[in-house]
$ cat start.csv   # CSV, C-alpha atoms and all ligand atoms
chain,number,residue,atom,x,y,z
A,23,MET,CA,115.3,74.8,122.1
A,24,SER,CA,115.5,71.1,121.4
A,25,ASN,CA,116.2,69.5,118.1
A,26,THR,CA,112.9,67.6,118.4
A,27,ALA,CA,111.1,70.8,117.7
A,28,SER,CA,113.2,71.6,114.7
A,29,SER,CA,112.8,68.2,113.1
A,30,ALA,CA,109.1,68.4,113.7
A,31,HIS,CA,108.5,71.2,111.3
A,32,VAL,CA,108.2,69.9,107.8
A,33,PRO,CA,108.5,72.6,105.2
A,34,VAL,CA,105.5,72.6,102.8
A,35,LEU,CA,105.7,72.7,99.0
A,36,LEU,CA,109.5,72.5,99.1
A,37,GLN,CA,110.1,71.6,95.5
A,38,PRO,CA,107.6,74.0,94.1
A,39,VAL,CA,109.1,76.8,96.2
A,40,ILE,CA,112.6,76.1,94.9
A,41,GLU,CA,111.3,75.9,91.3
A,42,GLY,CA,109.2,79.1,91.9
A,43,LEU,CA,112.2,81.0,93.1
A,44,ASN,CA,114.2,79.7,90.1
A,45,ALA,CA,117.0,79.0,92.6
A,46,THR,CA,119.0,76.5,90.5
A,47,SER,CA,119.3,79.1,87.7
A,48,HIS,CA,120.9,81.6,90.1
A,49,PRO,CA,123.5,79.5,92.0
A,50,ASP,CA,125.2,82.6,93.4
A,51,GLY,CA,122.0,84.6,94.0
A,52,LEU,CA,120.9,86.6,97.0
A,53,TYR,CA,117.7,85.4,98.7
A,54,VAL,CA,115.6,86.7,101.5
A,55,ASP,CA,113.5,84.3,103.7
A,56,GLY,CA,111.0,86.5,105.6
A,57,THR,CA,109.9,83.6,107.7
A,58,VAL,CA,113.0,81.5,108.2
A,59,GLY,CA,111.3,79.4,111.0
A,60,ALA,CA,113.2,76.1,111.4
A,61,GLY,CA,115.3,76.8,108.3
A,62,GLY,CA,113.8,74.0,106.1
A,63,HIS,CA,113.1,76.1,103.0
A,64,ALA,CA,116.3,78.1,103.5
A,65,SER,CA,118.4,74.9,103.6
A,66,ALA,CA,116.8,73.8,100.3
A,67,VAL,CA,117.6,77.2,98.7
A,68,PHE,CA,121.3,76.8,99.8
A,69,GLU,CA,121.3,73.3,98.4
A,70,ALA,CA,119.8,74.3,95.0
A,71,ALA,CA,122.0,77.5,94.8
A,72,PRO,CA,125.4,76.4,96.2
A,73,GLN,CA,127.1,79.9,96.2
A,74,SER,CA,124.0,81.8,97.2
A,75,ARG,CA,123.6,84.0,100.3
A,76,LEU,CA,120.4,84.3,102.3
A,77,LEU,CA,119.0,86.7,104.8
A,78,GLY,CA,116.5,85.2,107.2
A,79,PHE,CA,113.9,87.0,109.2
A,80,ASP,CA,111.8,85.7,112.1
A,81,ARG,CA,109.9,87.5,114.8
A,82,ASP,CA,110.3,84.6,117.1
A,83,PRO,CA,113.6,84.4,118.9
A,84,ARG,CA,113.1,80.6,119.6
A,85,SER,CA,112.5,79.9,115.8
A,86,LEU,CA,115.6,81.9,115.1
A,87,SER,CA,117.7,79.8,117.5
A,88,ILE,CA,116.5,76.7,115.7
A,89,ALA,CA,117.3,78.3,112.3
A,90,ARG,CA,120.8,79.2,113.5
A,91,GLU,CA,121.5,75.6,114.4
A,92,THR,CA,119.9,74.2,111.2
A,93,LEU,CA,121.7,76.6,109.0
A,94,SER,CA,125.1,76.7,110.7
A,95,ARG,CA,126.5,74.3,108.1
A,96,PHE,CA,126.2,77.1,105.5
A,97,GLY,CA,128.6,79.3,107.5
A,98,ASP,CA,128.7,83.0,106.6
A,99,ARG,CA,126.4,82.5,103.6
A,100,VAL,CA,123.5,83.0,106.0
A,101,ALA,CA,122.6,86.1,108.1
A,102,LEU,CA,119.7,86.0,110.5
A,103,VAL,CA,117.7,88.9,111.9
A,104,HIS,CA,115.2,89.1,114.8
A,105,ALA,CA,112.7,91.3,113.1
A,106,ASN,CA,109.2,91.5,111.6
A,107,TYR,CA,109.4,90.8,107.9
A,108,ASN,CA,107.5,94.1,107.4
A,109,THR,CA,110.8,95.8,108.0
A,110,MET,CA,112.6,94.1,105.1
A,111,GLY,CA,112.5,97.1,102.8
A,112,THR,CA,114.9,98.9,105.1
A,113,VAL,CA,116.6,96.1,107.0
A,114,ALA,CA,117.7,94.0,104.0
A,115,PRO,CA,119.7,96.7,102.2
A,116,GLY,CA,121.5,97.3,105.5
A,117,HIS,CA,122.8,93.7,105.3
A,118,GLY,CA,123.8,94.0,101.6
A,119,PHE,CA,120.6,92.6,100.3
A,120,ALA,CA,119.4,95.6,98.3
A,121,SER,CA,118.6,93.9,94.9
A,122,VAL,CA,117.8,90.2,95.4
A,123,ASP,CA,117.0,87.2,93.3
A,124,GLY,CA,114.3,85.6,95.4
A,125,ILE,CA,112.1,86.3,98.4
A,126,LEU,CA,110.0,83.7,100.3
A,127,LEU,CA,107.2,84.3,102.8
A,128,ASP,CA,105.9,81.0,104.3
A,129,LEU,CA,103.1,82.6,106.4
A,130,GLY,CA,101.8,81.9,109.9
A,131,ILE,CA,102.8,79.5,112.6
A,132,SER,CA,105.2,76.6,112.5
A,133,SER,CA,104.5,73.1,114.0
A,134,MET,CA,106.7,74.2,116.9
A,135,HIS,CA,104.3,76.9,117.9
A,136,VAL,CA,101.4,74.4,118.0
A,137,ASP,CA,103.5,71.7,119.8
A,138,GLU,CA,104.7,73.9,122.6
A,139,ALA,CA,101.8,74.4,124.9
A,140,GLU,CA,103.5,77.4,126.7
A,141,ARG,CA,103.3,79.5,123.6
A,142,GLY,CA,99.5,79.6,123.9
A,143,PHE,CA,98.6,78.9,120.2
A,144,ALA,CA,97.0,75.5,120.7
A,145,PHE,CA,93.5,74.7,122.1
A,146,ARG,CA,94.2,71.0,122.5
A,147,THR,CA,96.8,71.5,125.2
A,148,ASP,CA,96.8,73.8,128.2
A,149,GLY,CA,99.1,76.8,128.3
A,150,PRO,CA,99.0,80.5,129.0
A,151,LEU,CA,96.9,82.6,126.5
A,152,ASP,CA,99.9,84.3,124.9
A,153,MET,CA,100.0,83.7,121.0
A,154,ARG,CA,102.7,86.3,120.4
A,155,PHE,CA,105.3,85.3,117.8
A,156,ASP,CA,107.7,87.5,119.8
A,157,PRO,CA,107.1,86.9,123.6
A,158,THR,CA,109.9,89.4,124.3
A,159,SER,CA,108.0,92.3,122.5
A,160,GLY,CA,105.9,93.6,125.4
A,161,ASP,CA,103.0,93.6,123.0
A,162,PRO,CA,99.5,92.6,124.2
A,163,THR,CA,98.9,88.9,124.5
A,164,ALA,CA,95.7,87.0,123.6
A,165,ALA,CA,94.8,87.1,127.4
A,166,ASP,CA,95.0,90.9,127.3
A,167,LEU,CA,92.6,91.0,124.3
A,168,VAL,CA,90.0,88.5,125.7
A,169,ASN,CA,90.1,90.1,129.2
A,170,THR,CA,89.9,93.8,128.2
A,171,MET,CA,88.0,94.2,125.0
A,172,ASP,CA,84.3,94.7,125.0
A,173,ALA,CA,82.0,92.1,123.5
A,174,GLN,CA,81.5,94.1,120.3
A,175,GLU,CA,85.2,94.5,119.7
A,176,LEU,CA,85.8,90.8,120.4
A,177,ALA,CA,83.0,89.8,118.1
A,178,ASP,CA,84.4,91.9,115.3
A,179,ILE,CA,87.8,90.3,115.6
A,180,ILE,CA,86.4,86.8,115.8
A,181,TYR,CA,84.2,87.5,112.7
A,182,GLN,CA,86.8,89.4,110.7
A,183,PHE,CA,89.8,87.2,111.3
A,184,GLY,CA,88.1,83.9,112.0
A,185,GLU,CA,85.1,84.2,109.6
A,186,GLU,CA,83.2,82.7,112.6
A,187,ARG,CA,79.4,83.0,112.1
A,188,ASP,CA,78.8,82.6,115.8
A,189,SER,CA,81.1,85.5,116.7
A,190,ARG,CA,78.7,87.5,118.8
A,191,ARG,CA,77.6,84.6,120.9
A,192,ILE,CA,81.2,83.4,121.5
A,193,ALA,CA,82.3,87.0,122.4
A,194,ARG,CA,79.4,87.3,124.9
A,195,ALA,CA,80.4,84.0,126.4
A,196,ILE,CA,84.0,85.1,126.7
A,197,VAL,CA,83.1,88.3,128.4
A,198,ALA,CA,80.8,86.4,130.9
A,199,ALA,CA,83.5,83.9,131.7
A,200,ARG,CA,86.5,86.2,132.3
A,201,PRO,CA,89.1,86.5,133.6
A,202,LEU,CA,90.5,83.8,131.3
A,203,SER,CA,94.2,82.9,131.5
A,204,THR,CA,94.7,79.6,129.7
A,205,THR,CA,94.1,78.1,126.3
A,206,ARG,CA,91.9,75.3,127.7
A,207,GLN,CA,89.7,77.7,129.7
A,208,LEU,CA,89.1,79.7,126.5
A,209,ALA,CA,88.5,76.5,124.4
A,210,ASP,CA,86.0,75.3,126.9
A,211,VAL,CA,84.0,78.6,126.9
A,212,ILE,CA,83.9,78.5,123.1
A,213,GLU,CA,82.9,74.8,123.0
A,214,LYS,CA,80.0,75.5,125.4
A,215,ALA,CA,78.9,78.6,123.4
A,216,HIS,CA,79.0,76.7,120.1
A,217,ARG,CA,75.7,76.0,118.4
A,218,GLY,CA,74.8,74.1,115.3
A,219,PRO,CA,75.9,70.7,113.9
A,220,ARG,CA,79.2,69.1,114.7
A,221,GLU,CA,81.9,70.1,112.1
A,222,LYS,CA,85.1,68.4,111.1
A,223,ILE,CA,87.1,71.2,112.8
A,224,HIS,CA,87.1,71.9,116.6
A,225,PRO,CA,84.7,74.7,117.5
A,226,ALA,CA,87.6,76.8,118.8
A,227,THR,CA,89.6,76.6,115.6
A,228,ARG,CA,88.3,79.8,114.0
A,229,THR,CA,88.4,81.9,117.3
A,230,PHE,CA,91.9,80.8,118.0
A,231,GLN,CA,93.0,81.8,114.4
A,232,ALA,CA,91.3,85.2,114.8
A,233,LEU,CA,93.0,86.0,118.1
A,234,ARG,CA,96.4,84.9,116.7
A,235,LEU,CA,96.0,87.1,113.6
A,236,ALA,CA,94.9,90.0,115.8
A,237,VAL,CA,97.7,89.6,118.4
A,238,ASN,CA,100.4,89.5,115.7
A,239,ASP,CA,98.7,91.9,113.2
A,240,GLU,CA,99.5,89.2,110.7
A,241,LEU,CA,97.3,90.5,107.8
A,242,GLY,CA,98.6,94.1,108.4
A,243,ALA,CA,102.2,92.9,108.2
A,244,LEU,CA,101.5,90.9,105.0
A,245,GLY,CA,99.9,93.9,103.3
A,246,GLN,CA,102.8,96.2,104.3
A,247,THR,CA,105.4,93.7,103.1
A,248,LEU,CA,104.3,92.8,99.6
A,249,PRO,CA,105.3,96.2,98.0
A,250,GLN,CA,108.6,96.2,99.9
A,251,ALA,CA,109.4,92.7,98.7
A,252,ILE,CA,108.7,93.7,95.1
A,253,SER,CA,110.9,96.7,95.3
A,254,LEU,CA,113.7,94.7,96.8
A,255,LEU,CA,113.7,92.3,93.8
A,256,ARG,CA,116.0,92.8,90.9
A,257,PRO,CA,114.2,92.6,87.5
A,258,GLY,CA,113.6,88.9,86.8
A,259,GLY,CA,113.7,88.2,90.6
A,260,ARG,CA,110.9,86.1,92.1
A,261,LEU,CA,108.6,86.5,95.1
A,262,ALA,CA,107.0,83.3,96.5
A,263,VAL,CA,104.3,83.4,99.1
A,264,ILE,CA,102.7,80.4,100.9
A,265,SER,CA,99.4,81.2,102.6
A,266,PHE,CA,97.4,78.9,104.8
A,267,HIS,CA,93.9,80.4,104.8
A,268,SER,CA,91.7,82.4,102.6
A,269,LEU,CA,92.2,85.8,104.3
A,270,GLU,CA,96.0,85.7,103.6
A,271,ASP,CA,95.6,84.2,100.2
A,272,ARG,CA,93.1,87.0,99.2
A,273,ILE,CA,95.6,89.7,100.1
A,274,VAL,CA,98.3,88.0,98.0
A,275,LYS,CA,96.0,87.3,95.1
A,276,GLN,CA,94.6,90.8,95.0
A,277,TYR,CA,98.1,92.4,95.3
A,278,PHE,CA,99.5,90.2,92.6
A,279,ARG,CA,96.5,90.9,90.3
A,280,ASP,CA,96.8,94.7,90.7
A,281,GLU,CA,100.6,94.8,90.3
A,282,SER,CA,100.5,92.6,87.2
A,283,THR,CA,98.1,94.8,85.3
A,284,ASP,CA,98.9,98.2,83.7
A,285,CYS,CA,96.0,100.6,84.0
A,286,HIS,CA,93.6,100.6,87.1
A,287,CYS,CA,91.1,103.1,85.6
A,288,PRO,CA,87.5,102.1,85.4
A,289,PRO,CA,86.9,100.0,82.2
A,290,GLN,CA,84.4,102.6,80.8
A,291,GLN,CA,87.1,105.3,80.9
A,292,PRO,CA,88.5,105.7,77.3
A,293,ILE,CA,91.9,107.1,78.3
A,294,CYS,CA,94.1,106.0,81.1
A,295,THR,CA,94.6,108.8,83.7
A,296,CYS,CA,96.1,106.6,86.5
A,297,GLY,CA,99.4,106.0,84.8
A,298,HIS,CA,99.8,102.7,86.6
A,299,HIS,CA,102.4,100.2,85.1
A,300,ALA,CA,102.6,96.6,85.9
A,301,SER,CA,105.6,95.8,88.1
A,302,ILE,CA,105.3,92.0,88.1
A,303,ALA,CA,104.2,89.1,86.0
A,304,LEU,CA,102.3,86.1,87.5
A,305,VAL,CA,104.4,82.9,87.3
A,306,ASN,CA,101.3,80.8,88.1
A,307,ARG,CA,97.8,81.9,87.5
A,308,LYS,CA,96.3,79.4,89.9
A,309,PRO,CA,97.9,78.8,93.3
A,310,ILE,CA,100.1,75.7,93.5
A,311,VAL,CA,98.8,73.2,96.1
A,312,ALA,CA,100.2,70.1,97.7
A,313,ASP,CA,99.6,66.8,96.0
A,314,ASP,CA,98.0,63.8,97.7
A,315,ALA,CA,101.4,62.3,98.7
A,316,GLU,CA,102.5,65.5,100.5
A,317,ILE,CA,99.1,65.9,102.2
A,318,ALA,CA,99.3,62.3,103.5
A,319,ALA,CA,102.9,62.8,104.7
A,320,ASN,CA,102.3,66.3,106.1
A,321,PRO,CA,98.6,67.1,106.9
A,322,ARG,CA,99.6,70.8,107.5
A,323,SER,CA,100.2,71.1,103.8
A,324,ARG,CA,96.5,70.5,103.1
A,325,SER,CA,95.6,74.2,103.2
A,326,ALA,CA,98.8,75.6,101.7
A,327,LYS,CA,98.6,77.8,98.6
A,328,LEU,CA,101.8,79.0,96.8
A,329,ARG,CA,101.7,82.0,94.5
A,330,VAL,CA,104.8,83.2,92.7
A,331,ALA,CA,105.4,86.5,90.9
A,332,GLU,CA,108.4,87.8,88.8
A,333,LYS,CA,109.6,91.4,88.9
A,334,LEU,CA,109.4,93.0,85.5
A,335,PHE,CA,112.1,95.0,83.8
A,336,GLN,CA,111.4,98.7,84.1
A,337,GLN,CA,109.0,99.8,81.4
A,338,PRO,CA,110.5,102.7,79.4
A,339,GLU,CA,108.3,105.8,79.7
A,340,LEU,CA,106.5,106.5,76.4
A,401,LIG,C1,105.4,78.5,108.7
A,401,LIG,S1,106.8,79.0,109.6
A,401,LIG,C2,108.1,79.0,108.5
A,401,LIG,C3,108.8,77.7,108.4
A,401,LIG,C4,110.0,77.7,107.5
A,401,LIG,N1,109.7,78.1,106.1
A,401,LIG,C5,110.8,76.4,107.5
A,401,LIG,O1,111.0,75.8,106.4
A,401,LIG,O2,111.1,76.0,108.6
A,401,LIG,C6,106.5,80.7,109.8
A,401,LIG,C7,107.5,81.4,110.6
A,401,LIG,O3,107.4,82.8,110.4
A,401,LIG,C8,107.5,83.5,111.6
A,401,LIG,N2,106.7,84.8,111.4
A,401,LIG,C9,105.4,84.9,111.3
A,401,LIG,N3,105.0,86.2,111.1
A,401,LIG,C10,106.2,86.9,111.0
A,401,LIG,C11,106.5,88.2,110.7
A,401,LIG,N4,105.6,89.2,110.5
A,401,LIG,N5,107.8,88.6,110.6
A,401,LIG,C12,108.8,87.7,110.8
A,401,LIG,N6,108.6,86.4,111.1
A,401,LIG,C13,107.3,86.0,111.2
A,401,LIG,C14,107.0,82.6,112.7
A,401,LIG,O4,107.6,82.9,113.9
A,401,LIG,C15,107.4,81.2,112.1
A,401,LIG,O5,108.7,80.9,112.6

$ encode --input "start.csv" --output "structure tokens"
Amino acid sequence: MSNTASSAHVPVLLQPVIEGLNATSHPDGLYVDGTVGAGGHASAVFEAAPQSRLLGFDRDPRSLSIARETLSRFGDRVALVHANYNTMGTVAPGHGFASVDGILLDLGISSMHVDEAERGFAFRTDGPLDMRFDPTSGDPTAADLVNTMDAQELADIIYQFGEERDSRRIARAIVAARPLSTTRQLADVIEKAHRGPREKIHPATRTFQALRLAVNDELGALGQTLPQAISLLRPGGRLAVISFHSLEDRIVKQYFRDESTDCHCPPQQPICTCGHHASIALVNRKPIVADDAEIAANPRSRSAKLRVAEKLFQQPEL
């Protein structure tokens, strides 16, 4: 892995993340970075909290090797694990991170994934249709999905995870054109199947997003991780999540809303029977987004949304 790739990934919303995690107030805190990537946010946590320790997760062995290099200057304050962040509830305590001050999830792909054609995430360059964060996993690739699913299953994935209105037409075109083995082949099929007016985004954007989310079960992992993250936090600890599209943001928004309210009984019910107590407070009601200067410097930040929640102290039972 070259340093070019690591310097190419610019962490988004860096200052708001550090403020959201309250890192300067906990200089010797324990932090978990579920998506350590190139280590940009993690480095900023170490700089803001000079005696802190951080456990970094990444599913991608290549991202981890960049992080290892970037974070080597922080010595044994950093520990890195090659694992899905949806295992943090059991993996983090095993590394001494059982009650932590801050957790970050910076979701999705890094610039390195898009820049390296052989990873198969990009439709503008030609590479094998892979799209797995962890190419060592033996899990099905994007090629496996497009070449084996029937048109209905493919259309469902493209609609559900890509919010693509033309999903059925695209799925039929894929089935008619297979076998497909490269990103350009797939992008060409989608481009030809595309109807309607020209849009700002490439016609393959939504289908590629859908396949990537399906291949890596990204939304499933996010939903499984949020409760684990909250239970790992010490009271007063913060969870910061950066999402890049509405499907991810909806999961975070809904979870934060549910967990920051006490009773979930229907409003017409006079007495609470569910017994639910809020476990978090929202730090920001509206998501924090990049300002014009950040968007100009780093176009990837355009769609980023940061939500932060704080773990509440245990409510005494009445
Ligand atoms: C947007 S990048 C993070 C960049 C990082 N914050 C930085 O400053 O360099 C997202 C990273 O999360 C990893 N990733 C995505 N889903 C994951 C999962 N479920 N478990 C662990 N890592 C994941 C990707 O491989 C990628 O390296």

$ closest_residue --input "start.csv" --among "A:Glu270, A:Asp123, A:Glu175, A:Asp313" --to "Glu240 of chain A" --atoms "only C-alpha atoms"
A:Glu270

$ residues_near_ligand --input "start.csv" --ligand "ligand LIG 401 (chain A)" --cutoff "6 Å" --atoms "only C-alpha atoms and all ligand atoms" --output "list in words"
Pro33, Gly56, Thr57, Val58, Gly59, Ala60, Gly61, Gly62, His63, Phe79, Asp80, Arg81, Asp82, Ser85, Ala105, Asn106, Tyr107, Asp128, Leu129, Gly130, Ile131, Ser132, Phe155 and Ala243 of chain A

$ closest_residue --input "start.csv" --among "A:Val122, A:Ile223, A:Met171, A:Gln37" --to "Arg75 of chain A" --atoms "all atoms listed in the file"
A:Val122

$ closest_residue --input "start.csv" --among "A:Asp178, A:Asp239, A:Asp210, A:Asp166" --to "Ala226 of chain A" --atoms "only C-alpha atoms"
A:Asp210

$ residues_around --input "start.csv" --residues "Val330 of chain A" --least-positions-apart "6" --cutoff "12 Å" --atoms "all atoms listed in the file" --output "PyMOL selection string"
chain A and resi 38-44+124-128+248+252+259-265+271+274-275+277-279+282+302-310

$ write_last_selection --input "start.csv" --atoms "C-alpha atoms" --output "mmCIF file, in the frame of the given file"
data_model
loop_
_atom_site.group_PDB
_atom_site.id
_atom_site.type_symbol
_atom_site.label_atom_id
_atom_site.label_comp_id
_atom_site.auth_asym_id
_atom_site.auth_seq_id
_atom_site.Cartn_x
_atom_site.Cartn_y
_atom_site.Cartn_z
ATOM 1 C CA PRO A 38 107.600 74.000 94.100
ATOM 2 C CA VAL A 39 109.100 76.800 96.200
ATOM 3 C CA ILE A 40 112.600 76.100 94.900
ATOM 4 C CA GLU A 41 111.300 75.900 91.300
ATOM 5 C CA GLY A 42 109.200 79.100 91.900
ATOM 6 C CA LEU A 43 112.200 81.000 93.100
ATOM 7 C CA ASN A 44 114.200 79.700 90.100
ATOM 8 C CA GLY A 124 114.300 85.600 95.400
ATOM 9 C CA ILE A 125 112.100 86.300 98.400
ATOM 10 C CA LEU A 126 110.000 83.700 100.300
ATOM 11 C CA LEU A 127 107.200 84.300 102.800
ATOM 12 C CA ASP A 128 105.900 81.000 104.300
ATOM 13 C CA LEU A 248 104.300 92.800 99.600
ATOM 14 C CA ILE A 252 108.700 93.700 95.100
ATOM 15 C CA GLY A 259 113.700 88.200 90.600
ATOM 16 C CA ARG A 260 110.900 86.100 92.100
ATOM 17 C CA LEU A 261 108.600 86.500 95.100
ATOM 18 C CA ALA A 262 107.000 83.300 96.500
ATOM 19 C CA VAL A 263 104.300 83.400 99.100
ATOM 20 C CA ILE A 264 102.700 80.400 100.900
ATOM 21 C CA SER A 265 99.400 81.200 102.600
ATOM 22 C CA ASP A 271 95.600 84.200 100.200
ATOM 23 C CA VAL A 274 98.300 88.000 98.000
ATOM 24 C CA LYS A 275 96.000 87.300 95.100
ATOM 25 C CA TYR A 277 98.100 92.400 95.300
ATOM 26 C CA PHE A 278 99.500 90.200 92.600
ATOM 27 C CA ARG A 279 96.500 90.900 90.300
ATOM 28 C CA SER A 282 100.500 92.600 87.200
ATOM 29 C CA ILE A 302 105.300 92.000 88.100
ATOM 30 C CA ALA A 303 104.200 89.100 86.000
ATOM 31 C CA LEU A 304 102.300 86.100 87.500
ATOM 32 C CA VAL A 305 104.400 82.900 87.300
ATOM 33 C CA ASN A 306 101.300 80.800 88.100
ATOM 34 C CA ARG A 307 97.800 81.900 87.500
ATOM 35 C CA LYS A 308 96.300 79.400 89.900
ATOM 36 C CA PRO A 309 97.900 78.800 93.300
ATOM 37 C CA ILE A 310 100.100 75.700 93.500
#

$ closest_residue --input "start.csv" --among "A:Ile212, A:Asn238, A:Gln182, A:Pro83" --to "Val197 of chain A" --atoms "all atoms listed in the file"
A:Ile212

$ decode --input "start.csv" --residues "segment 129-150 of chain A" --atoms "N, CA and C atoms" --output "short mmCIF file (atom, residue, chain, number, x, y, z; two decimals), in the first residue's frame"
data_model
loop_
_atom_site.label_atom_id
_atom_site.label_comp_id
_atom_site.auth_asym_id
_atom_site.auth_seq_id
_atom_site.Cartn_x
_atom_site.Cartn_y
_atom_site.Cartn_z
N LEU A 129 -18.95 6.08 8.08
CA LEU A 129 -19.44 4.94 7.32
C LEU A 129 -18.96 4.89 5.87
N GLY A 130 -19.03 3.70 5.31
CA GLY A 130 -18.87 3.53 3.86
C GLY A 130 -17.45 3.34 3.39
N ILE A 131 -17.22 3.85 2.17
CA ILE A 131 -15.93 3.62 1.52
C ILE A 131 -15.02 4.82 1.71
N SER A 132 -13.71 4.58 1.55
CA SER A 132 -12.77 5.69 1.59
C SER A 132 -12.37 6.04 0.16
N SER A 133 -11.65 7.15 0.02
CA SER A 133 -11.20 7.55 -1.33
C SER A 133 -10.35 6.46 -1.95
N MET A 134 -9.59 5.76 -1.11
CA MET A 134 -8.72 4.69 -1.60
C MET A 134 -9.54 3.60 -2.31
N HIS A 135 -10.72 3.30 -1.79
CA HIS A 135 -11.54 2.27 -2.43
C HIS A 135 -11.96 2.70 -3.83
N VAL A 136 -12.26 3.98 -3.98
CA VAL A 136 -12.70 4.47 -5.30
C VAL A 136 -11.50 4.58 -6.24
N ASP A 137 -10.36 5.01 -5.68
CA ASP A 137 -9.18 5.26 -6.53
C ASP A 137 -8.55 3.97 -7.05
N GLU A 138 -8.72 2.86 -6.33
CA GLU A 138 -8.04 1.64 -6.74
C GLU A 138 -8.99 0.76 -7.55
N ALA A 139 -8.79 0.81 -8.87
CA ALA A 139 -9.71 0.13 -9.79
C ALA A 139 -9.89 -1.34 -9.46
N GLU A 140 -8.82 -1.98 -8.97
CA GLU A 140 -8.90 -3.44 -8.75
C GLU A 140 -9.82 -3.82 -7.60
N ARG A 141 -10.27 -2.82 -6.79
CA ARG A 141 -11.21 -3.14 -5.71
C ARG A 141 -12.65 -3.27 -6.23
N GLY A 142 -12.88 -2.73 -7.43
CA GLY A 142 -14.18 -2.94 -8.07
C GLY A 142 -15.31 -2.06 -7.58
N PHE A 143 -14.98 -0.94 -6.89
CA PHE A 143 -16.04 -0.05 -6.38
C PHE A 143 -16.42 1.02 -7.40
N ALA A 144 -15.53 1.30 -8.36
CA ALA A 144 -15.71 2.49 -9.21
C ALA A 144 -16.19 2.12 -10.61
N PHE A 145 -17.14 2.92 -11.12
CA PHE A 145 -17.62 2.63 -12.48
C PHE A 145 -16.88 3.45 -13.54
N ARG A 146 -16.06 4.41 -13.10
CA ARG A 146 -15.34 5.23 -14.09
C ARG A 146 -14.04 4.57 -14.53
N THR A 147 -13.56 3.60 -13.73
CA THR A 147 -12.35 2.89 -14.11
C THR A 147 -12.71 1.41 -14.27
N ASP A 148 -11.83 0.66 -14.92
CA ASP A 148 -12.18 -0.75 -15.15
C ASP A 148 -11.45 -1.65 -14.17
N GLY A 149 -12.21 -2.50 -13.52
CA GLY A 149 -11.63 -3.44 -12.56
C GLY A 149 -12.56 -4.61 -12.38
N PRO A 150 -12.12 -5.62 -11.66
CA PRO A 150 -12.99 -6.78 -11.41
C PRO A 150 -14.17 -6.36 -10.54
#
